[in-house]
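So this block is model33.txt, compact mmCIF, C-alpha atoms:
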```txt
# COMPACT_ATOMS: atom_id res chain seq x y z
CA MET A 1 64.64 18.94 -14.68
CA ASN A 2 68.31 18.70 -15.66
CA ASN A 3 70.92 16.85 -13.63
CA LYS A 4 72.15 19.89 -11.68
CA GLY A 5 68.61 20.89 -10.79
CA ARG A 6 67.88 17.39 -9.58
CA LEU A 7 70.98 17.37 -7.40
CA ILE A 8 70.04 20.69 -5.77
CA PHE A 9 66.49 19.51 -5.24
CA ALA A 10 67.65 16.26 -3.64
CA ALA A 11 70.02 18.18 -1.35
CA ILE A 12 67.24 20.55 -0.25
CA LEU A 13 64.98 17.55 0.35
CA ILE A 14 67.52 15.72 2.51
CA VAL A 15 68.28 18.84 4.58
CA LEU A 16 64.57 19.54 5.05
CA LEU A 17 63.75 16.00 6.15
CA ALA A 18 66.78 15.92 8.47
CA LEU A 19 65.59 19.21 10.01
CA ILE A 20 62.04 17.96 10.53
CA GLY A 21 63.37 14.66 11.91
CA THR A 22 65.70 16.45 14.36
CA LEU A 23 62.88 18.68 15.61
CA TYR A 24 60.67 15.63 16.18
CA PHE A 25 63.09 13.09 17.65
CA PHE A 26 64.85 15.54 19.98
CA ASN A 27 61.57 17.14 20.99
CA ILE A 28 62.79 20.67 20.24
CA ASN A 29 60.26 23.43 20.86
CA ILE A 30 60.71 26.62 18.91
CA SER A 31 58.44 29.35 20.25
CA TYR A 32 58.10 30.96 16.82
CA PHE A 33 56.48 27.75 15.55
CA GLN A 34 53.82 27.99 18.24
CA TYR A 35 52.54 31.24 16.74
CA ILE A 36 52.25 29.61 13.31
CA GLU A 37 50.60 26.56 14.87
CA SER A 38 47.97 28.48 16.83
CA GLY A 39 47.45 30.85 13.88
CA ILE A 40 46.62 27.99 11.50
CA TYR A 41 44.58 26.20 14.17
CA ASN A 42 42.47 29.28 14.86
CA LEU A 43 41.96 29.95 11.14
CA VAL A 44 40.79 26.42 10.35
CA SER A 45 38.63 25.72 13.42
CA PRO A 46 35.67 27.98 12.41
CA LEU A 47 35.44 25.88 9.21
CA ILE A 48 35.28 22.73 11.33
CA GLU A 49 32.44 24.18 13.39
CA PHE A 50 30.60 25.11 10.20
CA PHE A 51 30.92 21.64 8.65
CA SER A 52 29.98 19.77 11.82
CA GLY A 53 26.98 22.10 12.15
CA ILE A 54 25.86 21.07 8.66
CA TYR A 55 26.38 17.41 9.57
CA TYR A 56 24.34 17.59 12.80
CA GLU A 57 21.56 19.58 11.08
CA THR A 58 21.31 17.03 8.25
CA VAL A 59 21.35 14.06 10.61
CA SER A 60 18.70 15.50 12.92
CA TYR A 61 16.56 16.55 9.94
CA TRP A 62 16.69 13.04 8.47
CA HIS A 63 16.11 11.49 11.83
CA GLY A 64 13.06 13.71 12.41
CA LEU A 65 11.74 13.05 8.93
CA LEU A 66 12.04 9.29 9.22
CA ASN A 67 10.81 8.94 12.80
CA VAL A 68 8.03 11.52 13.25
CA ASP A 69 5.87 9.12 15.29
CA GLU A 70 8.76 8.14 17.50
CA VAL A 71 9.76 11.78 18.07
CA MET A 72 6.19 12.74 19.06
CA GLU A 73 5.95 9.74 21.38
CA LYS A 74 9.29 10.67 22.94
CA ASN A 75 8.17 14.27 23.36
CA LYS A 76 5.07 13.17 25.28
CA ARG A 77 7.12 10.87 27.47
CA LEU A 78 9.67 13.60 28.18
CA GLU A 79 6.93 16.08 29.08
CA ARG A 80 5.53 13.64 31.61
CA GLU A 81 9.02 12.99 32.95
CA LEU A 82 9.70 16.72 33.21
CA ALA A 83 6.54 17.28 35.25
CA SER A 84 7.48 14.55 37.71
CA LEU A 85 11.06 15.83 37.92
CA LYS A 86 9.81 19.35 38.67
CA LEU A 87 7.87 17.97 41.60
CA GLN A 88 10.89 16.01 42.76
CA ASN A 89 13.07 19.09 42.42
CA LEU A 90 10.72 21.08 44.62
CA MET A 91 10.95 18.40 47.30
CA LEU A 92 14.72 18.28 46.99
CA LYS A 93 14.95 22.05 47.45
CA GLY A 94 13.23 21.54 50.78
CA PHE A 95 15.79 18.90 51.68
CA GLN A 96 18.59 21.19 50.56
CA ARG A 97 17.40 23.94 52.90
CA GLU A 98 17.18 21.43 55.71
CA ASN A 99 20.63 20.09 54.85
CA GLU A 100 22.13 23.60 54.86
CA ARG A 101 20.52 24.35 58.22
CA LEU A 102 21.83 21.11 59.73
CA ARG A 103 25.30 21.64 58.24
CA LYS A 104 25.37 25.07 59.86
CA LEU A 105 24.31 23.55 63.17
CA LEU A 106 27.10 20.99 62.94
CA SER A 107 29.48 23.58 61.41
CA PHE A 108 30.33 21.23 58.49
CA LYS A 109 32.36 22.42 55.52
CA LYS A 110 30.04 23.65 52.77
CA HIS A 111 29.70 21.36 49.75
CA VAL A 112 30.84 23.26 46.68
CA SER A 113 29.42 22.43 43.26
CA PHE A 114 31.51 22.98 40.15
CA GLU A 115 31.24 25.83 37.69
CA THR A 116 30.69 24.25 34.28
CA LEU A 117 30.72 25.49 30.73
CA GLY A 118 28.61 23.74 28.08
CA SER A 119 30.22 22.96 24.75
CA THR A 120 29.43 21.20 21.47
CA VAL A 121 31.62 18.48 19.99
CA ILE A 122 32.62 19.65 16.52
CA GLY A 123 35.05 16.92 15.51
CA PHE A 124 37.34 14.01 16.31
CA SER A 125 41.09 13.64 15.92
CA PRO A 126 42.35 13.03 12.37
CA SER A 127 44.34 9.95 13.46
CA LEU A 128 43.47 6.30 13.95
CA TRP A 129 45.28 5.81 17.24
CA GLU A 130 44.98 9.14 19.05
CA ASN A 131 41.63 9.65 20.72
CA LYS A 132 40.69 13.29 20.89
CA LEU A 133 37.59 15.44 20.64
CA ILE A 134 37.47 18.94 19.24
CA ILE A 135 35.00 21.23 21.03
CA ASN A 136 33.78 24.73 20.20
CA ARG A 137 35.08 26.54 23.31
CA GLY A 138 38.53 28.02 23.67
CA SER A 139 40.62 30.53 25.58
CA ASN A 140 38.10 33.28 24.73
CA ASP A 141 35.54 31.42 26.84
CA GLY A 142 37.97 30.91 29.72
CA VAL A 143 39.02 27.35 28.88
CA ARG A 144 42.51 26.41 30.01
CA LYS A 145 44.72 23.37 29.60
CA LYS A 146 44.10 20.36 31.91
CA MET A 147 40.50 21.29 32.77
CA PRO A 148 38.38 18.15 33.31
CA VAL A 149 35.58 17.48 30.82
CA ILE A 150 32.40 15.59 31.73
CA SER A 151 29.31 14.43 29.87
CA TYR A 152 25.84 15.77 30.62
CA ASN A 153 25.15 12.83 32.95
CA GLY A 154 28.26 13.76 34.92
CA ALA A 155 30.61 10.96 33.83
CA LEU A 156 34.26 11.81 33.17
CA VAL A 157 35.00 12.20 29.45
CA GLY A 158 38.58 13.50 29.41
CA ARG A 159 40.85 16.47 29.91
CA VAL A 160 41.52 19.61 27.87
CA ASP A 161 44.78 19.06 26.05
CA TYR A 162 45.20 21.96 23.64
CA VAL A 163 43.49 25.35 23.69
CA GLY A 164 42.87 27.55 20.66
CA SER A 165 41.05 30.89 20.76
CA SER A 166 37.59 29.51 20.04
CA SER A 167 38.04 25.74 20.08
CA SER A 168 39.99 23.17 22.09
CA GLN A 169 41.10 19.56 21.92
CA VAL A 170 40.08 17.11 24.63
CA SER A 171 42.18 14.02 25.31
CA LEU A 172 39.69 11.21 25.92
CA ILE A 173 39.42 8.88 28.91
CA TYR A 174 40.02 5.76 26.78
CA ASP A 175 43.21 7.11 25.20
CA PRO A 176 46.18 4.87 26.16
CA GLU A 177 48.00 7.92 27.53
CA PHE A 178 45.13 8.91 29.82
CA VAL A 179 45.64 8.17 33.53
CA VAL A 180 43.41 9.10 36.47
CA GLY A 181 43.22 8.01 40.12
CA GLY A 182 40.08 5.96 40.84
CA ILE A 183 38.35 4.90 44.05
CA VAL A 184 35.53 2.42 44.73
CA GLN A 185 32.43 4.42 45.62
CA ARG A 186 31.08 1.86 48.13
CA ASN A 187 31.45 3.25 51.66
CA GLU A 188 32.78 0.03 53.21
CA SER A 189 35.49 -0.37 50.59
CA ARG A 190 37.15 2.87 49.39
CA THR A 191 39.74 0.82 47.49
CA ILE A 192 42.03 2.93 45.32
CA GLY A 193 43.76 2.25 42.01
CA ILE A 194 44.95 3.84 38.80
CA VAL A 195 42.51 3.94 35.88
CA LYS A 196 44.12 3.83 32.42
CA GLY A 197 42.89 3.82 28.83
CA GLN A 198 43.46 0.88 26.52
CA LEU A 199 44.41 0.89 22.86
CA ASN A 200 41.56 0.19 20.38
CA ASN A 201 38.98 -0.14 23.12
CA ASN A 202 36.62 2.78 23.57
CA LYS A 203 34.27 1.10 26.02
CA MET A 204 36.60 -0.35 28.65
CA ASN A 205 39.39 1.07 30.80
CA ILE A 206 41.64 -0.87 33.12
CA MET A 207 42.16 -0.14 36.82
CA GLU A 208 45.61 -1.18 38.01
CA LYS A 209 47.66 -1.21 41.23
CA ILE A 210 44.78 -2.41 43.37
CA SER A 211 46.22 -4.13 46.48
CA TRP A 212 45.91 -7.93 46.47
CA ASP A 213 43.52 -8.08 49.44
CA ALA A 214 41.40 -5.07 48.43
CA ASP A 215 37.64 -5.18 48.78
CA ILE A 216 36.48 -4.77 45.19
CA GLN A 217 33.58 -6.58 43.55
CA LYS A 218 31.97 -6.91 40.17
CA GLY A 219 29.44 -4.09 39.73
CA ASP A 220 31.25 -1.61 42.00
CA ILE A 221 31.14 1.99 40.76
CA ILE A 222 34.52 3.67 40.31
CA VAL A 223 34.77 7.45 40.76
CA THR A 224 37.74 9.83 40.60
CA SER A 225 39.74 9.76 43.84
CA GLY A 226 40.69 13.45 43.79
CA PHE A 227 44.15 12.67 45.20
CA SER A 228 45.83 14.60 42.40
CA ASN A 229 45.08 18.25 41.80
CA ASN A 230 43.96 17.61 38.23
CA TYR A 231 40.50 16.17 38.86
CA PRO A 232 37.84 16.87 41.45
CA LYS A 233 36.77 14.04 43.74
CA GLY A 234 33.77 11.88 42.93
CA LEU A 235 33.33 12.14 39.13
CA PRO A 236 31.88 8.81 37.96
CA ILE A 237 34.18 6.82 35.66
CA GLY A 238 32.60 3.40 35.19
CA LYS A 239 31.52 0.08 36.62
CA VAL A 240 33.75 -2.90 37.48
CA GLN A 241 33.13 -5.72 35.04
CA GLU A 242 35.87 -8.21 35.81
CA ILE A 243 38.65 -8.54 38.38
CA ASN A 244 41.92 -10.30 37.57
CA PRO A 245 45.09 -10.97 39.54
CA ASP A 246 48.02 -8.85 38.35
CA ASN A 247 51.79 -8.86 38.92
CA TYR A 248 51.82 -12.61 39.71
CA GLY A 249 49.19 -12.15 42.42
CA LEU A 250 50.92 -9.22 44.14
CA SER A 251 48.15 -6.88 43.07
CA GLN A 252 44.84 -6.91 41.22
CA SER A 253 43.52 -5.21 38.11
CA ALA A 254 39.92 -4.60 37.12
CA ASP A 255 38.18 -4.03 33.79
CA ILE A 256 36.05 -0.91 34.05
CA LYS A 257 33.10 -0.42 31.71
CA LEU A 258 32.97 3.31 31.02
CA PHE A 259 29.80 5.32 31.69
CA SER A 260 30.30 7.77 28.85
CA THR A 261 29.73 6.49 25.32
CA ILE A 262 31.99 8.89 23.56
CA ASN A 263 31.60 7.95 19.89
CA THR A 264 28.05 9.27 19.97
CA ILE A 265 28.60 12.20 22.33
CA GLU A 266 27.49 15.58 20.94
CA GLU A 267 27.74 17.88 23.94
CA VAL A 268 30.08 18.03 26.92
CA LEU A 269 30.60 20.18 30.03
CA ILE A 270 33.98 21.65 30.96
CA ILE A 271 34.62 22.06 34.69
CA THR A 272 36.17 25.51 34.90
CA ASP A 273 36.86 25.53 38.64
CA PHE A 274 36.90 23.05 41.47
CA MET B 275 45.33 31.02 -9.56
CA ASN B 276 48.47 28.99 -9.05
CA ARG B 277 47.60 25.30 -9.01
CA ASN B 278 49.60 24.70 -5.78
CA ILE B 279 47.50 27.25 -3.90
CA ILE B 280 44.35 25.47 -5.06
CA PHE B 281 45.84 22.16 -3.89
CA VAL B 282 46.57 23.64 -0.43
CA LEU B 283 42.96 24.86 -0.21
CA ILE B 284 41.81 21.36 -1.20
CA LEU B 285 44.01 19.90 1.58
CA ILE B 286 42.42 22.27 4.13
CA ILE B 287 38.93 21.25 3.03
CA GLY B 288 40.06 17.62 3.18
CA LEU B 289 41.29 18.10 6.76
CA VAL B 290 38.01 19.70 7.79
CA LEU B 291 36.00 16.86 6.20
CA GLN B 292 38.28 14.31 7.88
CA ILE B 293 37.78 15.85 11.35
CA THR B 294 34.05 16.40 11.00
CA ILE B 295 31.94 14.28 8.68
CA LEU B 296 34.31 11.34 8.10
CA SER B 297 34.99 11.03 11.86
CA LEU B 298 31.43 11.66 13.07
CA TYR B 299 29.88 9.25 10.59
CA THR B 300 31.72 5.93 10.91
CA PRO B 301 29.24 3.21 9.92
CA TRP B 302 31.75 0.33 10.19
CA ASP B 303 33.75 1.89 13.02
CA ILE B 304 36.63 2.68 10.67
CA LYS B 305 38.15 6.03 9.85
CA PRO B 306 39.83 6.90 6.56
CA ASP B 307 42.81 9.24 6.13
CA LEU B 308 41.59 11.72 3.54
CA ILE B 309 44.74 13.86 3.83
CA LEU B 310 46.89 10.90 2.81
CA VAL B 311 44.54 10.14 -0.09
CA LEU B 312 44.75 13.75 -1.31
CA ILE B 313 48.54 13.91 -0.97
CA VAL B 314 49.10 10.68 -2.91
CA VAL B 315 46.55 11.47 -5.63
CA ILE B 316 47.93 15.00 -6.18
CA SER B 317 51.43 13.55 -6.21
CA ILE B 318 50.74 10.91 -8.88
CA LEU B 319 48.98 13.53 -11.00
CA ASP B 320 51.60 16.26 -10.65
CA GLY B 321 54.93 14.61 -9.83
CA PRO B 322 57.35 14.29 -6.88
CA LYS B 323 57.99 18.03 -6.30
CA THR B 324 54.32 18.88 -5.77
CA GLY B 325 53.94 15.59 -3.88
CA LEU B 326 56.67 16.56 -1.44
CA LEU B 327 55.22 20.05 -0.92
CA MET B 328 51.70 18.70 -0.34
CA GLY B 329 53.11 15.95 1.90
CA ILE B 330 54.77 18.53 4.16
CA ILE B 331 51.76 20.88 4.24
CA GLY B 332 49.20 18.08 4.69
CA GLY B 333 51.27 16.40 7.39
CA LEU B 334 51.72 19.70 9.26
CA LEU B 335 47.98 20.44 9.08
CA GLN B 336 47.16 17.00 10.45
CA ASP B 337 49.74 17.31 13.24
CA ILE B 338 48.39 20.70 14.30
CA PHE B 339 44.99 19.10 14.89
CA LEU B 340 46.63 16.43 17.01
CA GLY B 341 48.14 19.10 19.25
CA GLU B 342 51.69 19.08 17.91
CA PHE B 343 53.27 21.15 15.15
CA ILE B 344 55.90 18.90 13.62
CA SER B 345 55.26 15.29 14.43
CA VAL B 346 54.77 11.80 13.01
CA ASN B 347 52.42 12.80 10.19
CA THR B 348 54.80 15.41 8.72
CA ILE B 349 57.71 12.98 8.85
CA ILE B 350 55.79 10.17 7.15
CA LYS B 351 53.65 12.05 4.64
CA ALA B 352 56.44 14.16 3.11
CA PRO B 353 58.44 11.14 1.82
CA LEU B 354 55.27 9.22 0.90
CA GLY B 355 54.09 12.16 -1.23
CA PHE B 356 57.54 12.45 -2.79
CA ILE B 357 57.94 8.75 -3.63
CA SER B 358 54.46 8.25 -5.09
CA GLY B 359 55.13 11.20 -7.42
CA PHE B 360 57.71 9.21 -9.40
CA ILE B 361 54.93 7.28 -11.11
CA GLU B 362 53.81 10.50 -12.81
CA GLY B 363 54.66 10.39 -16.49
CA HIS B 364 54.81 6.60 -16.56
CA PHE B 365 51.15 5.77 -16.78
CA PHE B 366 48.02 6.62 -18.70
CA LYS B 367 46.23 9.27 -16.63
CA GLY B 368 42.82 8.25 -17.92
CA ASN B 369 43.21 4.94 -16.07
CA TYR B 370 41.27 5.45 -12.85
CA LEU B 371 42.27 2.18 -11.20
CA LEU B 372 45.94 2.93 -10.59
CA ALA B 373 45.32 5.62 -7.93
CA PRO B 374 43.32 3.36 -5.58
CA PHE B 375 46.04 0.72 -5.83
CA ILE B 376 48.88 3.17 -5.03
CA VAL B 377 46.82 4.73 -2.21
CA PHE B 378 46.18 1.27 -0.73
CA ILE B 379 49.93 0.52 -0.63
CA ALA B 380 50.73 4.02 0.69
CA SER B 381 48.09 3.64 3.41
CA ILE B 382 49.58 0.41 4.71
CA ALA B 383 53.05 2.01 4.69
CA ASN B 384 51.67 5.12 6.43
CA TYR B 385 49.91 3.21 9.22
CA PHE B 386 52.84 0.89 9.77
CA LEU B 387 55.32 3.79 9.98
CA THR B 388 52.98 5.65 12.36
CA ILE B 389 53.13 2.70 14.76
CA VAL B 390 56.89 2.36 14.44
CA LEU B 391 57.52 6.08 15.05
CA SER B 392 55.13 6.48 18.01
CA GLU B 393 56.72 5.47 21.27
CA GLU B 394 53.34 4.92 22.94
CA LEU B 395 52.34 2.45 20.19
CA ILE B 396 55.43 0.55 19.15
CA PHE B 397 55.71 -1.74 22.19
CA SER B 398 52.12 -1.89 23.36
CA ILE B 399 50.21 -2.54 20.15
CA ASN B 400 48.97 -5.97 19.06
CA TYR B 401 50.33 -5.95 15.50
CA TRP B 402 48.31 -8.75 13.93
CA GLU B 403 45.03 -7.68 15.54
CA ASN B 404 45.56 -4.07 14.40
CA PHE B 405 46.61 -5.14 10.93
CA ARG B 406 43.45 -7.21 10.54
CA SER B 407 40.87 -4.95 12.16
CA VAL B 408 42.23 -1.41 11.68
CA ILE B 409 44.93 -1.11 9.01
CA ILE B 410 43.41 -3.26 6.23
CA PRO B 411 39.82 -1.90 6.53
CA SER B 412 41.06 1.72 6.69
CA SER B 413 43.34 1.17 3.70
CA ILE B 414 40.43 -0.24 1.67
CA TYR B 415 38.32 2.77 2.70
CA ASN B 416 41.18 5.06 1.59
CA ALA B 417 41.40 3.25 -1.76
CA ILE B 418 37.67 3.78 -2.38
CA LEU B 419 38.02 7.46 -1.51
CA ALA B 420 41.05 7.64 -3.83
CA LEU B 421 38.91 6.54 -6.76
CA ILE B 422 36.50 9.44 -6.17
CA VAL B 423 39.24 12.00 -5.41
CA TYR B 424 41.28 10.97 -8.47
CA PHE B 425 38.24 11.21 -10.74
CA ILE B 426 37.40 14.73 -9.49
CA LEU B 427 40.96 16.11 -9.56
CA TYR B 428 41.76 14.55 -12.94
CA ARG B 429 38.60 15.93 -14.53
CA LEU B 430 39.14 19.37 -12.96
CA PHE B 431 42.83 19.92 -13.63
CA TYR B 432 44.33 17.39 -16.02
CA TYR B 433 41.61 16.39 -18.46
CA GLY B 434 42.75 16.79 -22.07
CA GLU B 435 46.45 16.97 -21.22
CA ASN B 436 48.93 14.61 -22.87
CA TYR B 437 48.56 11.04 -21.76
CA TYR B 438 52.10 10.65 -20.50
CA GLY B 439 52.94 13.57 -18.27
CA ARG B 440 52.88 17.14 -19.44
```
What is this file in C-alpha cells?
Amino acid sequence: MNNKGRLIFAAILIVLLALIGTLYFFNINISYFQYIESGIYNLVSPLIEFFSGIYYETVSYWHGLLNVDEVMEKNKRLERELASLKLQNLMLKGFQRENERLRKLLSFKKHVSFETLGSTVIGFSPSLWENKLIINRGSNDGVRKKMPVISYNGALVGRVDYVGSSSSQVSLIYDPEFVVGGIVQRNESRTIGIVKGQLNNNKMNIMEKISWDADIQKGDIIVTSGFSNNYPKGLPIGKVQEINPDNYGLSQSADIKLFSTINTIEEVLIITDF
Amino acid sequence: MNRNIIFVLILIIGLVLQITILSLYTPWDIKPDLILVLIVVISILDGPKTGLLMGIIGGLLQDIFLGEFISVNTIIKAPLGFISGFIEGHFFKGNYLLAPFIVFIASIANYFLTIVLSEELIFSINYWENFRSVIIPSSIYNAILALIVYFILYRLFYYGENYYGR
C-alpha cells in the first residue's frame, strides 16, 4: 500500500470505529439494523441446532456404550418407579375430583395450571460473563420476550430475553442482571425479598432486602412471590443456605442454593401463559 | 472463491462451535473464545486489513448471539484484529509457536477490555479473583486452540508461499 492509500484506509478505519463506538455508548437503536440482526440470527441458528444435536447424540451414544449395565439397571428401576407413580396418580385423580367438588361447594377460585412448551437447549452464550441459554423454540412456536422458563422439575431457570423465528435466548437465573421477587414458602413466615444472581457463581443466588426481624431460617424454600407481572407465583427458586446481616444490621440477606443445575440442563419448559 | 468469503464462513462455523460443543463440553469449567482465536490467527496470516474486516464481522456475529447487534465484542475485536495484523510480513510463517503467544496476549487484552467496557462488570467484579480463575485459564485454552487453528489455516491457504509475507 502506498502512503496515500494508507492515509485513506486509516481515515476510513477511524470513522468506522467512531461510528460503532457512538452507536454503542449512546445506545442508539436503528430499526434497519434489527432486520439484519434477526436475519443473521435466524440463518445461523439452524446450524447451532444441528451441531448440538450431533454433540448430544455422540455423548449419549458413548455414555450408553460405556455404561450398558448401568443403563439396564436404571431402566429396571425406572420401570418400577413408573408403576408405583401410576398407582399414585390414580389415587391423586380421586383427590383432585374431591378437591374440585369441595372447591365448588366453598365457591373457591379455581386453581389454574400453566400452559408450557417443551424445548431443547441447543447452546450457551458465546461470552464468559453473560449467562444465557439458546433454545430451539422461537416466535413460530408462540414464544415471546419475558416468558418465564422452568426446568422439568419445576424450578425457575430464567426468562426469555431475545426471540428469533425458531430459536430464542434465555437469560439465566444466576446472571448478575437477573432479579426476581422471592418469598419464603413456609406458611408461618411468608417473608419477602429480592433474589439476584451473582457474578461467577452458577449455584448460588443472593436474596436481599429482607427486613431485619424477618422470620427466615436455614433450609427454608424460596419461591417466586408473584408480586410483579413477569413471573407466576410459587415457582421454586432454591433453598436458604446462610443468613447474614446486611446494611449495617438494617436488613438481612440470604444465600440461596439454586434448585436448577443449569450447566447440565438439556431440556426446559417455557411458560406461555399464566 | 474469494479468500475473505471463505474466512467469513470459517468465522460462522467457529461461532456455531463456540456456542454448541465448546460451551456444552467444559471439562475444567472454562470456556474459550474461538471467534477471537480465528480473528487473530487470520489477521497474523493475512495482515491488518483482513484482520480489521474479520474483527468487525466476528464481533458482530458474537454480539448478535448475546442479544445485541453492535456491542462490546465488535468494539474490542475490530481493533484487536487490526493491530495483530501488523506482525504479518515480519515473521517466518512456518513457525507455529508465534500464533499461540499472540493469541494469549490478545485474549488477556480482550477479556480486560470487556470488563472495562461493560457497566455491569466494571464496578462489581473481583479483578484478582477473575484474573486468576477465569482470564488466565481461558487465555491458555485460547492459545492451545490457536496452535490447532493456525496449523489448519496455514496448511490450507498459505503453505508454499514466500516466508515473509506475500
Show me, as a tab-separated table, the residues of chain B having an atom within 9 Å of chain A, each with the closest atom pair and its distance in Å, using only C-alpha atoms.
```
residue	atom	partner	partner_atom	distance
B:Ile286	CA	A:Val44	CA	7.7
B:Ile287	CA	A:Leu47	CA	8.5
B:Leu289	CA	A:Pro126	CA	7.6
B:Val290	CA	A:Ile48	CA	5.4
B:Leu291	CA	A:Phe51	CA	7.4
B:Gln292	CA	A:Pro126	CA	6.2
B:Ile293	CA	A:Gly123	CA	5.1
B:Thr294	CA	A:Gly123	CA	4.6
B:Ile295	CA	A:Tyr55	CA	6.4
B:Ser297	CA	A:Phe124	CA	5.8
B:Leu298	CA	A:Gly123	CA	6.8
B:Tyr299	CA	A:Tyr55	CA	8.9
B:Ile304	CA	A:Leu128	CA	8.4
B:Lys305	CA	A:Leu128	CA	6.7
B:Pro306	CA	A:Leu128	CA	8.3
B:Asp307	CA	A:Pro126	CA	7.3
B:Leu308	CA	A:Pro126	CA	9.0
B:Ile309	CA	A:Pro126	CA	8.9
B:Lys323	CA	A:Phe9	CA	8.7
B:Leu326	CA	A:Leu13	CA	8.6
B:Leu334	CA	A:Glu37	CA	8.9
B:Leu335	CA	A:Ile40	CA	8.0
B:Gln336	CA	A:Pro126	CA	6.5
B:Asp337	CA	A:Pro126	CA	8.6
B:Ile338	CA	A:Glu37	CA	6.3
B:Phe339	CA	A:Ser125	CA	6.8
B:Leu340	CA	A:Ser125	CA	6.3
B:Gly341	CA	A:Tyr162	CA	6.0
B:Glu342	CA	A:Glu37	CA	8.1
B:Phe343	CA	A:Glu37	CA	6.0
B:Ile344	CA	A:Tyr24	CA	6.3
B:Ser345	CA	A:Tyr24	CA	5.7
B:Val346	CA	A:Tyr24	CA	7.7
B:Thr348	CA	A:Ile20	CA	7.9
B:Ile349	CA	A:Gly21	CA	6.6
B:Ala352	CA	A:Leu17	CA	8.1
B:Pro353	CA	A:Leu17	CA	8.4
B:Tyr385	CA	A:Leu128	CA	8.6
B:Ile389	CA	A:Trp129	CA	8.8
B:Glu394	CA	A:Glu177	CA	7.7
B:Leu395	CA	A:Trp129	CA	8.4
B:Ser398	CA	A:Leu199	CA	8.2
B:Ile399	CA	A:Leu199	CA	7.3
B:Asn404	CA	A:Asn200	CA	8.4
B:Val408	CA	A:Leu128	CA	8.1
B:Ser412	CA	A:Leu128	CA	8.9
```
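Each of A:Asn75, A:Thr261, A:Gln241, A:Ser84 was checked against Met207 of chain A using all atoms listed in the file; the smallest atom-to-atom distance is that of A:Gln241.
With all atoms listed in the file as the basis for measurement, B:Asn384 is the residue among B:Asn416, B:Asn384, B:Asn276, B:Asn400 that approaches Asn347 of chain B most closely.
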Name the residues, using the chain letters and numbers of the file, that sit within 12 Å of (49.3, 10.0, -6.5) when counting all atoms listed in the file, and give them as a PDB file with C-alpha atoms, in the frame of the given file.
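Result written to out-v3.pdb:
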```pdb
ATOM      1  CA  ILE B 309      44.740  13.860   3.830  1.00  0.00           C
ATOM      2  CA  LEU B 310      46.890  10.900   2.810  1.00  0.00           C
ATOM      3  CA  VAL B 311      44.540  10.140  -0.090  1.00  0.00           C
ATOM      4  CA  LEU B 312      44.750  13.750  -1.310  1.00  0.00           C
ATOM      5  CA  ILE B 313      48.540  13.910  -0.970  1.00  0.00           C
ATOM      6  CA  VAL B 314      49.100  10.680  -2.910  1.00  0.00           C
ATOM      7  CA  VAL B 315      46.550  11.470  -5.630  1.00  0.00           C
ATOM      8  CA  ILE B 316      47.930  15.000  -6.180  1.00  0.00           C
ATOM      9  CA  SER B 317      51.430  13.550  -6.210  1.00  0.00           C
ATOM     10  CA  ILE B 318      50.740  10.910  -8.880  1.00  0.00           C
ATOM     11  CA  LEU B 319      48.980  13.530 -11.000  1.00  0.00           C
ATOM     12  CA  ASP B 320      51.600  16.260 -10.650  1.00  0.00           C
ATOM     13  CA  GLY B 321      54.930  14.610  -9.830  1.00  0.00           C
ATOM     14  CA  PRO B 322      57.350  14.290  -6.880  1.00  0.00           C
ATOM     15  CA  LYS B 323      57.990  18.030  -6.300  1.00  0.00           C
ATOM     16  CA  THR B 324      54.320  18.880  -5.770  1.00  0.00           C
ATOM     17  CA  GLY B 325      53.940  15.590  -3.880  1.00  0.00           C
ATOM     18  CA  LEU B 326      56.670  16.560  -1.440  1.00  0.00           C
ATOM     19  CA  MET B 328      51.700  18.700  -0.340  1.00  0.00           C
ATOM     20  CA  GLY B 329      53.110  15.950   1.900  1.00  0.00           C
ATOM     21  CA  LEU B 354      55.270   9.220   0.900  1.00  0.00           C
ATOM     22  CA  GLY B 355      54.090  12.160  -1.230  1.00  0.00           C
ATOM     23  CA  PHE B 356      57.540  12.450  -2.790  1.00  0.00           C
ATOM     24  CA  ILE B 357      57.940   8.750  -3.630  1.00  0.00           C
ATOM     25  CA  SER B 358      54.460   8.250  -5.090  1.00  0.00           C
ATOM     26  CA  GLY B 359      55.130  11.200  -7.420  1.00  0.00           C
ATOM     27  CA  PHE B 360      57.710   9.210  -9.400  1.00  0.00           C
ATOM     28  CA  ILE B 361      54.930   7.280 -11.110  1.00  0.00           C
ATOM     29  CA  GLU B 362      53.810  10.500 -12.810  1.00  0.00           C
ATOM     30  CA  GLY B 363      54.660  10.390 -16.490  1.00  0.00           C
ATOM     31  CA  HIS B 364      54.810   6.600 -16.560  1.00  0.00           C
ATOM     32  CA  PHE B 365      51.150   5.770 -16.780  1.00  0.00           C
ATOM     33  CA  LYS B 367      46.230   9.270 -16.630  1.00  0.00           C
ATOM     34  CA  TYR B 370      41.270   5.450 -12.850  1.00  0.00           C
ATOM     35  CA  LEU B 371      42.270   2.180 -11.200  1.00  0.00           C
ATOM     36  CA  LEU B 372      45.940   2.930 -10.590  1.00  0.00           C
ATOM     37  CA  ALA B 373      45.320   5.620  -7.930  1.00  0.00           C
ATOM     38  CA  PRO B 374      43.320   3.360  -5.580  1.00  0.00           C
ATOM     39  CA  PHE B 375      46.040   0.720  -5.830  1.00  0.00           C
ATOM     40  CA  ILE B 376      48.880   3.170  -5.030  1.00  0.00           C
ATOM     41  CA  VAL B 377      46.820   4.730  -2.210  1.00  0.00           C
ATOM     42  CA  PHE B 378      46.180   1.270  -0.730  1.00  0.00           C
ATOM     43  CA  ILE B 379      49.930   0.520  -0.630  1.00  0.00           C
ATOM     44  CA  ALA B 380      50.730   4.020   0.690  1.00  0.00           C
ATOM     45  CA  SER B 381      48.090   3.640   3.410  1.00  0.00           C
ATOM     46  CA  ALA B 417      41.400   3.250  -1.760  1.00  0.00           C
ATOM     47  CA  ALA B 420      41.050   7.640  -3.830  1.00  0.00           C
ATOM     48  CA  LEU B 421      38.910   6.540  -6.760  1.00  0.00           C
ATOM     49  CA  VAL B 423      39.240  12.000  -5.410  1.00  0.00           C
ATOM     50  CA  TYR B 424      41.280  10.970  -8.470  1.00  0.00           C
ATOM     51  CA  PHE B 425      38.240  11.210 -10.740  1.00  0.00           C
ATOM     52  CA  LEU B 427      40.960  16.110  -9.560  1.00  0.00           C
ATOM     53  CA  TYR B 428      41.760  14.550 -12.940  1.00  0.00           C
TER      54      TYR B 428
END
```
